[in-house]
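Down below is the structure, laid out as structure tokens.
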Amino acid sequence: MAAKERPQERMQQLGANALSDAELLAMLLRSGTQGHDVLTLAHQLIQQAGSLADLVRWTQRDFEKCKGIGRVKALQLLAVMEVARRVLSQERGKQPVLDQPAVIADYCRPGCLGLAVEKFWVICLNRRNRLLRQVEVTSGTAGSTLVHPREVFRAAIEASASAVVCVHNHPSGDPAPSSADVRVTRTLREAAQTVDITLLDHVIIGEEAHDPTGLGFYSFRDAGVL
């Protein structure tokens, strides 16, 4: 392609904001394949994924299925996607107040993007329900994760928390609780009373498009279980 059309030259002249999704991805890919320039390869990746955002859900195998993407480049792209996920998950200000299900869901959703397995987090709060620490306590299979009260409240005690919010994701996107989710929540509720730490809520993170309620999350407190 002409020099003035190359993503690197366009970025240098116009800035990163001026580049399209494909051009930004091409900057990461750096090189194309025989018969396909890097911009064409970037367009193909985005087309196969559905969108640039959908690439965050891809695995190493998904990337390697694309002609021109080997093991090293696949791992580099995975690293970029993980960086993006973690950046989005960073605290938006010091000690946010996390006492409402919608606020909790908005805070935690970026960290759930693209996850193919269930993960379970404990959000440790002070007396004013401000964030002290968020701890991942388990990471499960594609269909389930297990958590024990001692793992949840060990994290809370270490953080000197007055209250906790438990959060886990459903990779399917449907946040409706399973029977196991209900049992775990009731067990955690009883354990919280024993250690005198408030279990403020247990929130399941899904996606609005897969949630019949349109919320994209489920709150056990709103449901009356807590």
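Letters A, B, ... mark the chains of the structure tokens in the order given; residue numbers begin at 1 per chain; ligand numbers begin at 1, in order shown.
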For Arg128 in chain A, find every residue with an atom within 9 Å (counting only C-alpha atoms), except residues of its own chain fewer than 3 positions away, and show them as a list in words.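 Once the nearby chain positions are removed, what remains is Val97, Asp99, Leu125, Leu131 and Ser162 of chain A.
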Write out as a PyMOL selection string each polymer residue whose atoms come within 12 Å of Leu199 in chain A, counting only C-alpha atoms; drop sequence neighbours fewer than 5 positions from it. chain A and resi 99+122-125+129+149+152-153+156+161-167+185-194+220-221+225-226
Just-selected residues, C-alpha atoms written as a PDB file, in the first residue's frame:
```pdb
ATOM      1  CA  ASP A  99     -23.619  -0.745  47.806  1.00  0.00           C
ATOM      2  CA  VAL A 122     -14.859 -11.168  46.961  1.00  0.00           C
ATOM      3  CA  ILE A 123     -15.172  -7.400  47.189  1.00  0.00           C
ATOM      4  CA  CYS A 124     -14.068  -6.261  50.623  1.00  0.00           C
ATOM      5  CA  LEU A 125     -15.693  -3.068  51.927  1.00  0.00           C
ATOM      6  CA  ASN A 129     -19.215   0.319  51.863  1.00  0.00           C
ATOM      7  CA  PRO A 149     -16.902 -19.782  52.888  1.00  0.00           C
ATOM      8  CA  VAL A 152     -14.409 -15.804  51.019  1.00  0.00           C
ATOM      9  CA  PHE A 153     -14.073 -14.690  54.606  1.00  0.00           C
ATOM     10  CA  ALA A 156     -12.382 -10.331  54.174  1.00  0.00           C
ATOM     11  CA  ALA A 161     -13.451  -5.643  55.994  1.00  0.00           C
ATOM     12  CA  SER A 162     -16.727  -4.769  57.654  1.00  0.00           C
ATOM     13  CA  ALA A 163     -18.760  -6.094  54.735  1.00  0.00           C
ATOM     14  CA  VAL A 164     -18.302  -8.072  51.546  1.00  0.00           C
ATOM     15  CA  VAL A 165     -19.984  -8.405  48.198  1.00  0.00           C
ATOM     16  CA  CYS A 166     -19.568 -11.692  46.365  1.00  0.00           C
ATOM     17  CA  VAL A 167     -19.507 -11.579  42.592  1.00  0.00           C
ATOM     18  CA  THR A 185     -25.328 -17.978  48.729  1.00  0.00           C
ATOM     19  CA  ARG A 186     -27.288 -19.388  51.655  1.00  0.00           C
ATOM     20  CA  THR A 187     -24.144 -21.034  53.008  1.00  0.00           C
ATOM     21  CA  LEU A 188     -22.241 -17.753  52.712  1.00  0.00           C
ATOM     22  CA  ARG A 189     -25.090 -15.931  54.458  1.00  0.00           C
ATOM     23  CA  GLU A 190     -24.845 -18.275  57.435  1.00  0.00           C
ATOM     24  CA  ALA A 191     -21.049 -18.041  57.532  1.00  0.00           C
ATOM     25  CA  ALA A 192     -21.220 -14.237  57.451  1.00  0.00           C
ATOM     26  CA  GLN A 193     -23.364 -14.232  60.558  1.00  0.00           C
ATOM     27  CA  THR A 194     -20.863 -16.482  62.317  1.00  0.00           C
ATOM     28  CA  PHE A 220     -29.506 -12.072  45.475  1.00  0.00           C
ATOM     29  CA  ARG A 221     -30.325  -9.157  47.798  1.00  0.00           C
ATOM     30  CA  VAL A 225     -32.355 -14.273  49.439  1.00  0.00           C
ATOM     31  CA  LEU A 226     -30.132 -12.039  51.588  1.00  0.00           C
TER      32      LEU A 226
END
```
Give me the residues of range 111-174 of chain A that have any atom at most 10 Å from an atom of range 48-72 of chain A; for each, the nearest atom pair and the distance in Å, rounded to one decimal. Use only C-alpha atoms, sort by chain and number, and format it as a tab-separated table.
```
residue	atom	partner	partner_atom	distance
A:Leu113	CA	A:Val56	CA	7.0
A:Gly114	CA	A:Arg57	CA	3.8
A:Leu115	CA	A:Arg57	CA	6.6
A:Ala116	CA	A:Arg57	CA	7.5
```
As a PyMOL selection string, list the residues of range 110-205 of chain A assigned to strand (DSSP E or B) by DSSP on the backbone atoms of this structure. chain A and resi 119-125+130-139+163-169+198-205
Just C-alpha atoms for this one: save the residues we selected as a short mmCIF file (atom, residue, chain, number, x, y, z; two decimals), in the first residue's frame.
```
data_model
loop_
_atom_site.label_atom_id
_atom_site.label_comp_id
_atom_site.auth_asym_id
_atom_site.auth_seq_id
_atom_site.Cartn_x
_atom_site.Cartn_y
_atom_site.Cartn_z
CA LYS A 119 -14.68 -16.81 38.32
CA PHE A 120 -15.65 -15.83 41.84
CA TRP A 121 -14.55 -12.59 43.48
CA VAL A 122 -14.86 -11.17 46.96
CA ILE A 123 -15.17 -7.40 47.19
CA CYS A 124 -14.07 -6.26 50.62
CA LEU A 125 -15.69 -3.07 51.93
CA ARG A 130 -16.18 1.75 50.10
CA LEU A 131 -13.83 -0.60 48.31
CA LEU A 132 -10.86 -1.91 50.25
CA ARG A 133 -9.83 -4.78 48.01
CA GLN A 134 -11.15 -7.10 45.32
CA VAL A 135 -9.89 -10.68 45.50
CA GLU A 136 -10.38 -13.51 43.02
CA VAL A 137 -10.90 -16.61 45.14
CA THR A 138 -11.74 -19.28 42.57
CA SER A 139 -11.65 -19.89 38.83
CA ALA A 163 -18.76 -6.09 54.74
CA VAL A 164 -18.30 -8.07 51.55
CA VAL A 165 -19.98 -8.40 48.20
CA CYS A 166 -19.57 -11.69 46.36
CA VAL A 167 -19.51 -11.58 42.59
CA HIS A 168 -19.24 -14.24 39.94
CA ASN A 169 -19.82 -14.35 36.21
CA THR A 198 -22.00 -8.37 56.57
CA LEU A 199 -22.69 -10.16 53.30
CA LEU A 200 -24.08 -7.13 51.50
CA ASP A 201 -24.94 -8.92 48.27
CA HIS A 202 -24.05 -11.68 45.85
CA VAL A 203 -24.19 -10.46 42.26
CA ILE A 204 -24.02 -12.61 39.15
CA ILE A 205 -22.66 -10.83 36.10
#
```
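Note that the spacing between CA of Gly173 in chain A and CA of Ala102 in chain A amounts to 16.0 Å.
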